[in-house]
>>> print(open('data.txt').read())   # compact mmCIF, C-alpha atoms
# COMPACT_ATOMS: atom_id res chain seq x y z
CA MET A 1386 57.95 12.55 22.24
CA ALA A 1387 54.26 12.18 21.82
CA GLU A 1388 53.30 9.40 19.59
CA VAL A 1389 51.71 10.37 16.39
CA ALA A 1390 48.36 8.69 16.36
CA THR A 1391 48.27 6.57 13.29
CA PRO A 1392 44.85 6.50 11.76
CA ALA A 1393 43.36 3.08 12.38
CA VAL A 1394 43.49 1.09 9.21
CA GLN A 1395 39.89 0.50 8.37
CA GLU A 1396 39.12 -3.09 7.73
CA LYS A 1397 38.08 -3.28 4.14
CA GLU A 1398 34.69 -4.80 3.75
CA PRO A 1399 34.18 -7.05 0.75
CA LEU A 1400 32.02 -5.52 -1.92
CA PHE A 1401 29.85 -8.57 -2.12
CA GLY A 1402 30.22 -10.76 0.95
CA LYS A 1403 27.91 -12.91 2.99
CA LYS A 1404 25.95 -9.99 4.43
CA GLU A 1405 25.33 -8.51 1.01
CA ARG A 1406 24.14 -11.85 -0.30
CA LYS A 1407 21.75 -12.12 2.63
CA LEU A 1408 20.34 -8.69 1.82
CA LEU A 1409 19.51 -9.83 -1.68
CA VAL A 1410 18.16 -13.30 -0.92
CA ASP A 1411 16.32 -12.81 2.38
CA PRO A 1412 13.43 -10.72 1.02
CA LEU A 1413 12.65 -13.39 -1.56
CA ASN A 1414 11.34 -15.77 1.09
CA ASP A 1415 12.19 -15.42 4.79
CA ASN A 1416 11.71 -11.67 4.96
CA ASN A 1417 9.29 -11.14 2.10
CA PRO A 1418 7.95 -7.57 2.04
CA ILE A 1419 4.34 -8.66 1.56
CA THR A 1420 3.91 -11.87 3.54
CA VAL A 1421 6.29 -11.15 6.42
CA GLN A 1422 6.84 -7.39 6.70
CA VAL A 1423 3.24 -6.55 5.67
CA LEU A 1424 4.24 -3.72 3.31
CA GLY A 1425 2.77 -2.85 -0.06
CA ILE A 1426 -0.54 -4.69 0.28
CA CYS A 1427 -2.71 -2.04 -1.41
CA SER A 1428 -0.85 -2.17 -4.69
CA ALA A 1429 -0.70 -5.96 -4.50
CA LEU A 1430 -4.51 -5.95 -4.43
CA ALA A 1431 -4.89 -3.36 -7.16
CA VAL A 1432 -2.56 -4.60 -9.91
CA THR A 1433 -2.70 -8.38 -9.61
CA SER A 1434 -5.87 -9.11 -11.57
CA MET A 1435 -3.66 -9.62 -14.65
CA VAL A 1436 -0.05 -10.69 -15.11
CA LYS A 1437 1.15 -7.94 -17.45
CA PRO A 1438 0.42 -4.91 -15.22
CA ALA A 1439 1.78 -6.86 -12.25
CA PHE A 1440 5.07 -7.45 -14.08
CA ILE A 1441 5.51 -3.83 -15.12
CA MET A 1442 4.55 -2.65 -11.63
CA ALA A 1443 7.14 -4.99 -10.12
CA LEU A 1444 9.89 -3.74 -12.44
CA SER A 1445 9.19 -0.07 -11.89
CA ALA A 1446 8.75 -0.51 -8.14
CA THR A 1447 12.12 -2.26 -7.94
CA PHE A 1448 13.73 0.64 -9.77
CA VAL A 1449 12.16 3.20 -7.45
CA ILE A 1450 12.93 1.26 -4.24
CA ALA A 1451 16.57 0.69 -5.15
CA LEU A 1452 17.32 4.22 -6.30
CA SER A 1453 15.44 5.96 -3.48
CA ASN A 1454 17.22 3.77 -0.95
CA LEU A 1455 20.53 4.77 -2.53
CA THR A 1456 19.71 8.49 -2.61
CA ILE A 1457 18.35 8.70 0.93
CA SER A 1458 21.26 6.66 2.24
CA PHE A 1459 23.67 9.22 0.79
CA MET A 1460 21.67 12.05 2.34
CA ARG A 1461 20.91 10.40 5.69
CA LYS A 1462 23.48 12.25 7.80
CA GLY A 1463 22.59 15.77 6.79
CA MET A 1464 18.87 15.31 7.10
CA PRO A 1465 17.09 16.93 10.06
CA LYS A 1466 14.63 14.52 11.65
CA GLN A 1467 11.79 17.01 11.57
CA VAL A 1468 11.58 17.31 7.80
CA ARG A 1469 12.80 13.87 6.74
CA MET A 1470 9.40 12.63 5.54
CA ILE A 1471 8.93 15.52 3.12
CA ILE A 1472 12.44 15.00 1.73
CA GLN A 1473 11.87 11.26 1.36
CA LEU A 1474 8.59 11.78 -0.43
CA MET A 1475 10.08 14.37 -2.78
CA VAL A 1476 12.80 11.88 -3.77
CA ILE A 1477 10.19 9.16 -4.32
CA ALA A 1478 7.91 11.44 -6.32
CA PHE A 1479 10.86 12.53 -8.48
CA LEU A 1480 11.84 8.93 -9.25
CA VAL A 1481 8.26 7.93 -9.99
CA THR A 1482 7.96 10.83 -12.43
CA ILE A 1483 11.11 9.60 -14.21
CA VAL A 1484 9.67 6.10 -14.49
CA GLU A 1485 6.43 7.46 -15.87
CA LEU A 1486 8.14 9.64 -18.47
CA VAL A 1487 10.46 6.83 -19.58
CA LEU A 1488 7.55 4.45 -19.94
CA LYS A 1489 5.61 7.08 -21.89
CA ALA A 1490 8.51 7.57 -24.28
CA ALA A 1491 9.29 3.88 -24.64
CA SER A 1492 5.81 2.54 -25.21
CA TYR A 1493 2.82 4.84 -25.34
CA PRO A 1494 0.06 2.17 -25.38
CA ILE A 1495 1.44 0.47 -22.25
CA TRP A 1496 1.80 3.83 -20.55
CA LYS A 1497 -1.81 4.64 -21.30
CA GLN A 1498 -2.89 1.39 -19.73
CA LEU A 1499 -0.67 1.66 -16.67
CA SER A 1500 -0.15 5.33 -15.81
CA VAL A 1501 -2.55 5.08 -12.85
CA TYR A 1502 -0.64 2.19 -11.35
CA ILE A 1503 2.71 3.90 -11.80
CA GLY A 1504 1.40 6.89 -9.86
CA LEU A 1505 0.44 4.42 -7.13
CA ILE A 1506 4.12 3.70 -6.47
CA ILE A 1507 4.36 7.02 -4.59
CA THR A 1508 1.98 5.66 -1.97
CA ASN A 1509 3.44 2.16 -2.01
CA CYS A 1510 4.48 1.57 1.58
CA ILE A 1511 7.40 -0.68 0.58
CA VAL A 1512 9.35 2.29 -0.74
CA MET A 1513 9.02 4.46 2.34
CA GLY A 1514 9.05 1.45 4.65
CA ARG A 1515 12.49 0.39 3.44
CA LEU A 1516 13.71 3.99 3.59
CA GLU A 1517 12.68 4.29 7.24
CA ALA A 1518 13.72 0.80 8.27
CA PHE A 1519 16.95 0.37 6.33
CA ALA A 1520 18.32 3.26 4.30
CA MET A 1521 18.21 5.75 7.19
CA ALA A 1522 20.70 3.60 9.12
CA ASN A 1523 22.90 1.92 6.50
CA LYS A 1524 25.54 2.64 3.92
CA PRO A 1525 24.60 3.39 0.29
CA TRP A 1526 25.79 0.17 -1.36
CA ARG A 1527 23.97 -2.04 1.13
CA SER A 1528 20.85 0.09 0.92
CA PHE A 1529 20.89 -0.28 -2.84
CA LEU A 1530 21.15 -4.08 -2.56
CA ASP A 1531 18.39 -4.12 0.04
CA GLY A 1532 16.21 -2.17 -2.39
CA ILE A 1533 16.87 -4.63 -5.23
CA GLY A 1534 16.17 -7.61 -2.96
CA ASN A 1535 12.93 -6.20 -1.63
CA GLY A 1536 11.77 -5.19 -5.09
CA ALA A 1537 12.41 -8.72 -6.31
CA GLY A 1538 10.60 -10.27 -3.35
CA TYR A 1539 7.64 -8.00 -3.96
CA GLY A 1540 7.71 -8.81 -7.68
CA ILE A 1541 7.76 -12.57 -7.15
CA LEU A 1542 4.73 -12.46 -4.87
CA LEU A 1543 2.89 -10.13 -7.25
CA LEU A 1544 3.51 -12.48 -10.18
CA MET A 1545 2.35 -15.51 -8.18
CA VAL A 1546 -0.91 -13.85 -7.16
CA ALA A 1547 -1.49 -12.43 -10.62
CA THR A 1548 -0.95 -15.81 -12.30
CA VAL A 1549 -3.53 -17.51 -10.09
CA ARG A 1550 -6.04 -14.69 -10.45
CA GLU A 1551 -5.73 -14.34 -14.22
CA ILE A 1552 -5.89 -18.06 -14.98
CA PHE A 1553 -8.88 -18.73 -12.76
CA GLY A 1554 -10.65 -15.40 -13.24
CA LYS A 1555 -10.22 -14.79 -16.96
CA GLY A 1556 -8.93 -18.09 -18.35
CA SER A 1557 -5.82 -16.48 -19.77
CA PHE A 1558 -2.17 -15.94 -18.90
CA ALA A 1559 -0.41 -12.62 -19.68
CA GLY A 1560 -2.98 -11.93 -22.38
CA PHE A 1561 -2.59 -15.38 -23.96
CA LYS A 1562 -6.08 -16.85 -24.04
CA ILE A 1563 -6.23 -20.39 -22.69
CA ILE A 1564 -9.77 -21.38 -21.89
CA GLY A 1565 -13.08 -19.62 -22.57
CA SER A 1566 -16.30 -19.62 -24.51
CA SER A 1567 -15.26 -18.37 -27.96
CA SER A 1568 -13.03 -19.52 -30.80
CA GLU A 1569 -10.27 -17.06 -29.79
CA TYR A 1570 -9.33 -19.29 -26.87
CA LEU A 1571 -6.99 -22.28 -27.06
CA ILE A 1572 -9.65 -24.47 -25.46
CA ASP A 1573 -13.04 -23.42 -26.74
CA THR A 1574 -15.66 -24.55 -24.23
CA THR A 1575 -18.53 -24.22 -26.71
CA THR A 1576 -17.11 -26.90 -29.02
CA ASN A 1577 -14.82 -28.91 -26.76
CA SER A 1578 -17.03 -31.41 -24.97
CA TRP A 1579 -14.36 -32.24 -22.36
CA PHE A 1580 -14.42 -28.73 -20.93
CA SER A 1581 -18.04 -27.78 -21.45
CA TRP A 1582 -18.49 -27.54 -17.67
CA TYR A 1583 -15.96 -24.70 -17.43
CA MET A 1584 -17.03 -21.27 -16.18
CA PRO A 1585 -14.63 -18.39 -15.35
CA ASN A 1586 -14.54 -17.74 -11.62
CA ASN A 1587 -15.63 -14.13 -11.26
CA ILE A 1588 -14.68 -13.88 -7.59
CA MET A 1589 -11.04 -14.01 -8.66
CA VAL A 1590 -11.43 -10.67 -10.41
CA LEU A 1591 -12.48 -8.89 -7.20
CA PRO A 1592 -9.76 -7.37 -4.97
CA ALA A 1593 -10.92 -9.59 -2.09
CA ALA A 1594 -9.65 -12.63 -4.01
CA ALA A 1595 -6.09 -11.30 -3.80
CA LEU A 1596 -6.42 -11.41 -0.01
CA PHE A 1597 -7.50 -15.04 -0.16
CA VAL A 1598 -4.66 -15.99 -2.52
CA ILE A 1599 -2.07 -14.20 -0.36
CA SER A 1600 -3.38 -15.92 2.75
CA VAL A 1601 -2.95 -19.31 1.07
CA ILE A 1602 0.60 -18.32 0.08
CA ILE A 1603 1.28 -17.36 3.70
CA TRP A 1604 -0.06 -20.73 4.80
CA VAL A 1605 2.26 -22.62 2.45
CA GLN A 1606 5.26 -20.43 3.27
CA ARG A 1607 4.82 -20.74 7.03
CA SER A 1608 4.27 -24.46 7.01
CA ARG A 1609 7.56 -24.84 5.13
CA ASN A 1610 9.38 -22.39 7.38
CA THR A 1611 8.00 -22.83 10.89
CA LYS A 1612 10.19 -20.04 12.30
CA LEU A 1613 7.84 -17.48 10.81
CA ILE A 1614 4.79 -18.72 12.68
CA ASP A 1615 3.17 -16.17 14.97
CA VAL A 1616 3.27 -17.58 18.49
CA SER A 1617 1.40 -14.77 20.23
CA MET B 1224 -28.08 19.23 6.69
CA GLY B 1225 -29.31 16.01 5.13
CA SER B 1226 -26.59 15.97 2.50
CA TYR B 1227 -23.84 16.26 5.14
CA LEU B 1228 -25.31 13.36 7.09
CA ASP B 1229 -25.51 11.46 3.81
CA ILE B 1230 -21.82 12.01 3.05
CA PHE B 1231 -20.88 11.14 6.64
CA LEU B 1232 -22.78 7.84 6.72
CA LYS B 1233 -21.69 6.92 3.22
CA SER B 1234 -18.01 7.49 3.95
CA ILE B 1235 -18.27 5.31 7.07
CA PHE B 1236 -20.35 2.38 5.88
CA MET B 1237 -21.15 2.21 2.16
CA GLU B 1238 -17.84 3.56 0.91
CA ASN B 1239 -15.57 2.50 3.73
CA MET B 1240 -11.94 3.21 2.80
CA VAL B 1241 -10.65 -0.13 4.07
CA LEU B 1242 -13.39 -2.64 3.55
CA SER B 1243 -15.01 -1.34 0.36
CA TYR B 1244 -12.07 0.17 -1.52
CA PHE B 1245 -9.25 -1.86 0.10
CA LEU B 1246 -7.13 1.25 0.70
CA GLY B 1247 -4.78 1.58 3.65
CA MET B 1248 -4.37 -2.18 3.97
CA CYS B 1249 -0.76 -2.30 5.20
CA SER B 1250 -1.26 -0.52 8.48
CA PHE B 1251 -4.72 -2.05 8.83
CA LEU B 1252 -3.26 -5.57 8.82
CA ALA B 1253 -0.04 -4.86 10.65
CA VAL B 1254 -1.28 -2.74 13.56
CA SER B 1255 -4.52 -4.61 14.33
CA LYS B 1256 -2.92 -7.05 16.77
CA SER B 1257 -4.34 -5.40 19.88
CA VAL B 1258 -7.28 -3.05 20.38
CA LYS B 1259 -5.16 -0.53 22.28
CA THR B 1260 -2.66 0.20 19.50
CA ALA B 1261 -5.44 -0.01 16.93
CA VAL B 1262 -7.32 2.78 18.75
CA GLY B 1263 -4.12 4.86 18.76
CA LEU B 1264 -3.48 4.44 15.03
CA GLY B 1265 -7.18 4.95 14.22
CA ALA B 1266 -7.22 8.22 16.17
CA ALA B 1267 -4.07 9.39 14.36
CA VAL B 1268 -5.66 8.58 10.99
CA ILE B 1269 -8.88 10.42 11.93
CA PHE B 1270 -6.79 13.46 12.87
CA VAL B 1271 -4.69 13.38 9.70
CA LEU B 1272 -7.65 12.84 7.37
CA THR B 1273 -9.80 15.52 9.06
CA LEU B 1274 -6.96 17.99 8.67
CA THR B 1275 -5.58 17.12 5.24
CA VAL B 1276 -8.77 16.75 3.21
CA PRO B 1277 -9.94 20.37 3.81
CA ILE B 1278 -6.38 21.72 3.43
CA ASN B 1279 -6.00 19.85 0.17
CA TRP B 1280 -9.41 21.16 -0.88
CA PHE B 1281 -8.11 24.71 -0.46
CA ILE B 1282 -4.88 23.91 -2.29
CA ASN B 1283 -6.75 22.28 -5.14
CA GLU B 1284 -9.36 25.01 -5.42
CA LYS B 1285 -7.51 28.21 -4.53
CA LEU B 1286 -3.99 27.46 -5.78
CA LEU B 1287 -4.21 24.94 -8.56
CA GLY B 1288 -7.63 25.48 -10.12
CA PRO B 1289 -8.29 27.86 -13.01
CA ASN B 1290 -10.15 30.18 -10.57
CA GLY B 1291 -7.24 30.21 -8.12
CA VAL B 1292 -4.55 32.74 -7.24
CA PHE B 1293 -2.42 32.03 -10.29
CA GLY B 1294 -5.38 32.01 -12.64
CA MET B 1295 -4.25 28.98 -14.59
CA ASP B 1296 -4.69 25.25 -14.57
CA LEU B 1297 -1.90 23.81 -12.44
CA THR B 1298 -3.60 20.52 -11.62
CA PHE B 1299 -0.58 18.51 -12.81
CA LEU B 1300 1.08 19.58 -9.54
CA ARG B 1301 -1.72 17.99 -7.55
CA PHE B 1302 0.07 14.79 -6.52
CA ILE B 1303 3.19 16.49 -5.23
CA LEU B 1304 1.38 19.20 -3.28
CA PHE B 1305 -1.14 16.78 -1.76
CA ILE B 1306 1.66 14.47 -0.65
CA ALA B 1307 3.66 17.37 0.77
CA THR B 1308 0.66 18.52 2.85
CA ILE B 1309 0.10 14.99 4.11
CA ALA B 1310 3.78 14.47 4.95
CA ALA B 1311 3.90 17.71 6.91
CA THR B 1312 0.76 16.81 8.88
CA VAL B 1313 2.02 13.31 9.67
CA GLN B 1314 5.36 14.71 10.76
CA LEU B 1315 3.46 16.95 13.19
CA VAL B 1316 1.44 14.00 14.50
CA GLU B 1317 4.62 11.98 14.96
CA MET B 1318 6.27 14.70 17.03
CA VAL B 1319 3.16 15.10 19.19
CA VAL B 1320 2.79 11.36 19.80
CA GLU B 1321 6.49 10.93 20.55
CA LYS B 1322 6.30 13.73 23.12
CA PHE B 1323 3.07 12.82 24.90
CA SER B 1324 2.82 9.04 24.60
CA PRO B 1325 6.15 7.26 24.15
CA ALA B 1326 4.45 3.91 24.76
CA LEU B 1327 2.12 4.38 21.81
CA TYR B 1328 5.04 5.72 19.77
CA ASN B 1329 6.96 2.51 20.34
CA ALA B 1330 3.93 0.29 19.73
CA LEU B 1331 3.18 1.89 16.36
CA GLY B 1332 6.84 1.82 15.33
CA ILE B 1333 7.39 2.21 11.62
CA PHE B 1334 3.67 2.41 10.90
CA LEU B 1335 3.39 5.90 12.35
CA PRO B 1336 5.53 7.56 9.65
CA LEU B 1337 3.92 5.20 7.17
CA ILE B 1338 0.57 6.98 7.66
CA THR B 1339 2.03 9.35 5.06
CA VAL B 1340 1.93 6.66 2.43
CA ASN B 1341 -1.29 5.14 3.73
CA CYS B 1342 -3.29 4.96 0.52
CA ALA B 1343 -6.44 5.89 2.44
CA ILE B 1344 -5.12 9.40 3.12
CA LEU B 1345 -4.14 10.23 -0.46
CA GLY B 1346 -7.21 8.31 -1.64
CA GLY B 1347 -9.39 10.57 0.53
CA ALA B 1348 -7.90 13.68 -1.08
CA LEU B 1349 -8.31 12.28 -4.61
CA PHE B 1350 -11.89 11.11 -3.99
CA MET B 1351 -12.65 14.61 -2.67
CA VAL B 1352 -11.42 16.04 -5.99
CA SER B 1353 -13.19 13.55 -8.25
CA ARG B 1354 -16.53 13.87 -6.40
CA GLU B 1355 -16.39 17.69 -6.54
CA TYR B 1356 -17.25 18.37 -2.90
CA ASN B 1357 -17.43 21.93 -1.56
CA ALA B 1358 -15.46 23.01 1.54
CA PRO B 1359 -17.83 21.89 4.35
CA GLU B 1360 -18.59 18.68 2.49
CA ALA B 1361 -14.87 17.99 2.16
CA ALA B 1362 -14.43 18.49 5.92
CA VAL B 1363 -17.33 16.12 6.70
CA PHE B 1364 -15.97 13.59 4.19
CA GLY B 1365 -12.48 13.76 5.70
CA PHE B 1366 -13.76 13.12 9.21
CA GLY B 1367 -16.16 10.44 8.02
CA SER B 1368 -13.57 8.41 6.14
CA GLY B 1369 -11.16 8.72 9.05
CA PHE B 1370 -13.88 7.43 11.35
CA GLY B 1371 -14.58 4.59 8.92
CA PHE B 1372 -10.90 3.57 9.08
CA PHE B 1373 -11.01 3.81 12.89
CA LEU B 1374 -14.08 1.57 13.11
CA ALA B 1375 -12.65 -0.97 10.68
CA ILE B 1376 -9.28 -1.29 12.40
CA VAL B 1377 -10.79 -1.50 15.90
CA LEU B 1378 -13.27 -4.13 14.68
CA MET B 1379 -10.45 -6.12 13.14
CA ALA B 1380 -8.31 -5.86 16.28
CA ALA B 1381 -11.21 -7.05 18.43
CA ILE B 1382 -11.75 -10.06 16.15
CA ARG B 1383 -8.03 -10.87 16.21
CA GLU B 1384 -7.89 -10.65 20.00
CA LYS B 1385 -10.74 -13.15 20.23
CA ILE B 1386 -9.43 -15.46 17.52
CA ARG B 1387 -6.24 -15.98 19.50
CA TYR B 1388 -8.19 -18.45 21.67
CA SER B 1389 -9.55 -20.51 18.79
CA ASN B 1390 -7.95 -23.45 17.14
CA VAL B 1391 -6.46 -21.90 14.00
CA PRO B 1392 -3.97 -24.12 12.11
CA GLY B 1393 -0.43 -23.16 13.15
CA PRO B 1394 0.88 -21.56 9.95
CA MET B 1395 -2.32 -19.55 9.51
CA ARG B 1396 -2.08 -17.97 12.98
CA GLY B 1397 -1.72 -14.21 13.03
CA LEU B 1398 -1.26 -12.73 9.57
CA GLY B 1399 -2.75 -15.51 7.44
CA ILE B 1400 -6.08 -15.60 9.20
CA ALA B 1401 -6.13 -11.78 9.25
CA PHE B 1402 -5.90 -11.71 5.45
CA LEU B 1403 -8.70 -14.24 5.19
CA ILE B 1404 -10.99 -12.35 7.59
CA THR B 1405 -10.33 -9.08 5.78
CA GLY B 1406 -11.32 -10.65 2.48
CA LEU B 1407 -14.53 -12.02 3.96
CA MET B 1408 -15.36 -8.70 5.63
CA GLY B 1409 -14.74 -6.94 2.32
CA MET B 1410 -17.14 -9.25 0.55
CA ALA B 1411 -19.74 -8.63 3.27
CA PHE B 1412 -19.33 -4.88 2.86
CA MET B 1413 -20.02 -5.22 -0.87
CA GLY B 1414 -23.61 -5.86 0.17
CA LEU B 1415 -23.88 -2.30 1.48
CA MET B 1416 -22.73 -0.70 -1.76
CA GLY B 1417 -25.34 1.32 -3.58
CA ILE B 1418 -27.54 2.11 -0.57
CA SER B 1419 -28.06 5.87 -0.40
CA PRO B 1420 -28.97 7.09 3.10
CA ILE B 1421 -30.36 10.39 1.82
CA THR B 1422 -33.54 8.68 0.61
CA TYR B 1423 -34.40 7.84 4.22
CA PHE B 1424 -34.18 11.45 5.45
CA GLN B 1425 -36.70 12.86 3.03
>>> encode(input="data.txt", output="structure tokens")
Amino acid sequence: MAEVATPAVQEKEPLFGKKERKLLVDPLNDNNPITVQVLGICSALAVTSMVKPAFIMALSATFVIALSNLTISFMRKGMPKQVRMIIQLMVIAFLVTIVELVLKAASYPIWKQLSVYIGLIITNCIVMGRLEAFAMANKPWRSFLDGIGNGAGYGILLLMVATVREIFGKGSFAGFKIIGSSSEYLIDTTTNSWFSWYMPNNIMVLPAAALFVISVIIWVQRSRNTKLIDVS
Amino acid sequence: MGSYLDIFLKSIFMENMVLSYFLGMCSFLAVSKSVKTAVGLGAAVIFVLTLTVPINWFINEKLLGPNGVFGMDLTFLRFILFIATIAATVQLVEMVVEKFSPALYNALGIFLPLITVNCAILGGALFMVSREYNAPEAAVFGFGSGFGFFLAIVLMAAIREKIRYSNVPGPMRGLGIAFLITGLMGMAFMGLMGISPITYFQ
């Protein structure tokens, strides 16, 4: 009598094991989307002149990366290779539209200030980069975690650059005025004789300054973690 | 004739996509390790920009504009249609490159499909709309900005090939020094802003 082939009992993978943890934590430092994978530089230059837009950009980008990773990962098997880019971009554009409408409904003044940047998420290479590199070859739950991790890594770097640029370029932090030449500021350089030498550094407002700040961050990161150093 | 030459020179030097507007940075920094791959990516970007800017001009003017086929203002669809055109063109380029030059296909890796989300391509289409070019001007502008990207990335790759022999501090090797050089080049290119070549042709 022929043996009835018993279906192999699939080894149950833990919902949140070591690999999943790695997916979340790695992009924060060792596999940072900006400093290691070189994705999403354009938006990092455009939104980091102040902390507030950088923060909102980071939040909405995380949302879009995570959910598009999830969606594409569900669809990955039925997708013909020849039209995959159009499908991916339609998913991204759909999610970005949702973010924009939610932001518009939740807080109109912030939307007015940021709608241009939110539209920029469509052309943010992190989103499509993670889709191509991860979600096309992995299961939905892991893709979702990968999206969250990469969004967080992107957000942390954005906030670091924005903090440096806003403090040195405008003398303020997230709109809170710290040092400047009028009585609105915490330290008023016209009356305070200790800080009368202070001048805001206008180079920090230019997009080129973001490149300098990121290169310093890369320097610090790679001297702490020598594995990342380019040997070629 | 003069105005076309003006747009061409401006889109290459004074309003360079990469070094003046800082668009298309990701692939610019990631693929500029060797001149050979940089030439490949630059050529692909020239092709995509030359094709998509005029196509998007027709879409914007003949489909979406108030004088178009539908006779109403559909410009809120601009983003989606522009991106769809670009994605289709890049998909075509990817299939051609994969077929005829597998070596280049492997060297470009993920950055070939990422031309779709290269901000320089969508930026080109949006600049074309906001500057109100006509059809031949849009074609010249598309080719010019593609050529500007090509020149910038080849220049950067050449510098990075040379800098490999200099004594850069370990952690700054590769990406770090590339960021720094790009920033400096960008500040140098700010000096060209505002020059208008057309005054020299008259």
>>> residues_around(input="data.txt", residues="Val1316 (chain B)", least_positions_apart="4", cutoff="8 Å", atoms="all atoms listed in the file", output="count of residues only")
4
>>> residues_around(input="data.txt", residues="region 1336-1348 of chain B", least_positions_apart="6", cutoff="6 Å", atoms="only C-alpha atoms", output="ChimeraX atom specification")
/A:1508,1510 /B:1246-1247,1276,1310
>>> residues_near_point(input="data.txt", point="(-29.9, 16.3, 2.4)", cutoff="12 Å", atoms="all atoms listed in the file", output="PyMOL selection string")
chain B and resi 1224-1232+1360+1419-1425
>>> write_last_selection(input="data.txt", atoms="C-alpha atoms", output="short mmCIF file (atom, residue, chain, number, x, y, z; two decimals), in the coordinates of the input")
data_model
loop_
_atom_site.label_atom_id
_atom_site.label_comp_id
_atom_site.auth_asym_id
_atom_site.auth_seq_id
_atom_site.Cartn_x
_atom_site.Cartn_y
_atom_site.Cartn_z
CA MET B 1224 -28.08 19.23 6.69
CA GLY B 1225 -29.31 16.01 5.13
CA SER B 1226 -26.59 15.97 2.50
CA TYR B 1227 -23.84 16.26 5.14
CA LEU B 1228 -25.31 13.36 7.09
CA ASP B 1229 -25.51 11.46 3.81
CA ILE B 1230 -21.82 12.01 3.05
CA PHE B 1231 -20.88 11.14 6.64
CA LEU B 1232 -22.78 7.84 6.72
CA GLU B 1360 -18.59 18.68 2.49
CA SER B 1419 -28.06 5.87 -0.40
CA PRO B 1420 -28.97 7.09 3.10
CA ILE B 1421 -30.36 10.39 1.82
CA THR B 1422 -33.54 8.68 0.61
CA TYR B 1423 -34.40 7.84 4.22
CA PHE B 1424 -34.18 11.45 5.45
CA GLN B 1425 -36.70 12.86 3.03
#
>>> closest_residue(input="data.txt", among="B:Phe1302, B:Val1319, B:Ala1375, B:Leu1398", to="Val1258 (chain B)", atoms="all atoms listed in the file")
B:Ala1375
>>> atom_distance(input="data.txt", atom1="CA of Met1435 (chain A)", atom2="CA of Ala1547 (chain A)")
5.4 Å
>>> closest_atom_pairs(input="data.txt", of="chain B", to="chain A", cutoff="8 Å", atoms="only C-alpha atoms", output="JSON lines")
{"residue": "B:Phe1245", "atom": "CA", "partner": "A:Cys1427", "partner_atom": "CA", "distance": 6.7}
{"residue": "B:Leu1246", "atom": "CA", "partner": "A:Cys1427", "partner_atom": "CA", "distance": 5.9}
{"residue": "B:Gly1247", "atom": "CA", "partner": "A:Cys1427", "partner_atom": "CA", "distance": 6.6}
{"residue": "B:Met1248", "atom": "CA", "partner": "A:Cys1427", "partner_atom": "CA", "distance": 5.6}
{"residue": "B:Cys1249", "atom": "CA", "partner": "A:Ile1426", "partner_atom": "CA", "distance": 5.5}
{"residue": "B:Leu1252", "atom": "CA", "partner": "A:Val1423", "partner_atom": "CA", "distance": 7.3}
{"residue": "B:Ala1253", "atom": "CA", "partner": "A:Val1423", "partner_atom": "CA", "distance": 6.2}
{"residue": "B:Ile1303", "atom": "CA", "partner": "A:Ala1478", "partner_atom": "CA", "distance": 7.0}
{"residue": "B:Ile1306", "atom": "CA", "partner": "A:Leu1474", "partner_atom": "CA", "distance": 7.4}
{"residue": "B:Ala1307", "atom": "CA", "partner": "A:Ile1471", "partner_atom": "CA", "distance": 6.1}
{"residue": "B:Ala1310", "atom": "CA", "partner": "A:Ile1471", "partner_atom": "CA", "distance": 5.6}
{"residue": "B:Ala1311", "atom": "CA", "partner": "A:Ile1471", "partner_atom": "CA", "distance": 6.7}
{"residue": "B:Gln1314", "atom": "CA", "partner": "A:Gln1467", "partner_atom": "CA", "distance": 6.9}
{"residue": "B:Ile1333", "atom": "CA", "partner": "A:Glu1517", "partner_atom": "CA", "distance": 7.2}
{"residue": "B:Pro1336", "atom": "CA", "partner": "A:Met1470", "partner_atom": "CA", "distance": 7.6}
{"residue": "B:Leu1337", "atom": "CA", "partner": "A:Cys1510", "partner_atom": "CA", "distance": 6.7}
{"residue": "B:Thr1339", "atom": "CA", "partner": "A:Thr1508", "partner_atom": "CA", "distance": 7.9}
{"residue": "B:Val1340", "atom": "CA", "partner": "A:Thr1508", "partner_atom": "CA", "distance": 4.5}
{"residue": "B:Asn1341", "atom": "CA", "partner": "A:Thr1508", "partner_atom": "CA", "distance": 6.6}
{"residue": "B:Cys1342", "atom": "CA", "partner": "A:Thr1508", "partner_atom": "CA", "distance": 5.9}
{"residue": "B:Leu1345", "atom": "CA", "partner": "A:Thr1508", "partner_atom": "CA", "distance": 7.8}
{"residue": "B:Arg1387", "atom": "CA", "partner": "A:Ser1617", "partner_atom": "CA", "distance": 7.8}
{"residue": "B:Gly1393", "atom": "CA", "partner": "A:Ile1614", "partner_atom": "CA", "distance": 6.9}
{"residue": "B:Pro1394", "atom": "CA", "partner": "A:Arg1607", "partner_atom": "CA", "distance": 5.0}
{"residue": "B:Met1395", "atom": "CA", "partner": "A:Trp1604", "partner_atom": "CA", "distance": 5.4}
{"residue": "B:Arg1396", "atom": "CA", "partner": "A:Asp1615", "partner_atom": "CA", "distance": 5.9}
{"residue": "B:Gly1397", "atom": "CA", "partner": "A:Asp1615", "partner_atom": "CA", "distance": 5.6}
{"residue": "B:Leu1398", "atom": "CA", "partner": "A:Asp1615", "partner_atom": "CA", "distance": 7.8}
{"residue": "B:Gly1399", "atom": "CA", "partner": "A:Ser1600", "partner_atom": "CA", "distance": 4.7}
{"residue": "B:Ile1400", "atom": "CA", "partner": "A:Ser1600", "partner_atom": "CA", "distance": 7.0}
{"residue": "B:Phe1402", "atom": "CA", "partner": "A:Leu1596", "partner_atom": "CA", "distance": 5.5}
{"residue": "B:Leu1403", "atom": "CA", "partner": "A:Phe1597", "partner_atom": "CA", "distance": 5.5}
{"residue": "B:Thr1405", "atom": "CA", "partner": "A:Leu1596", "partner_atom": "CA", "distance": 7.4}
{"residue": "B:Gly1406", "atom": "CA", "partner": "A:Ala1593", "partner_atom": "CA", "distance": 4.7}
{"residue": "B:Leu1407", "atom": "CA", "partner": "A:Ala1593", "partner_atom": "CA", "distance": 7.5}
{"residue": "B:Gly1409", "atom": "CA", "partner": "A:Ala1593", "partner_atom": "CA", "distance": 6.4}
{"residue": "B:Met1410", "atom": "CA", "partner": "A:Ala1593", "partner_atom": "CA", "distance": 6.8}
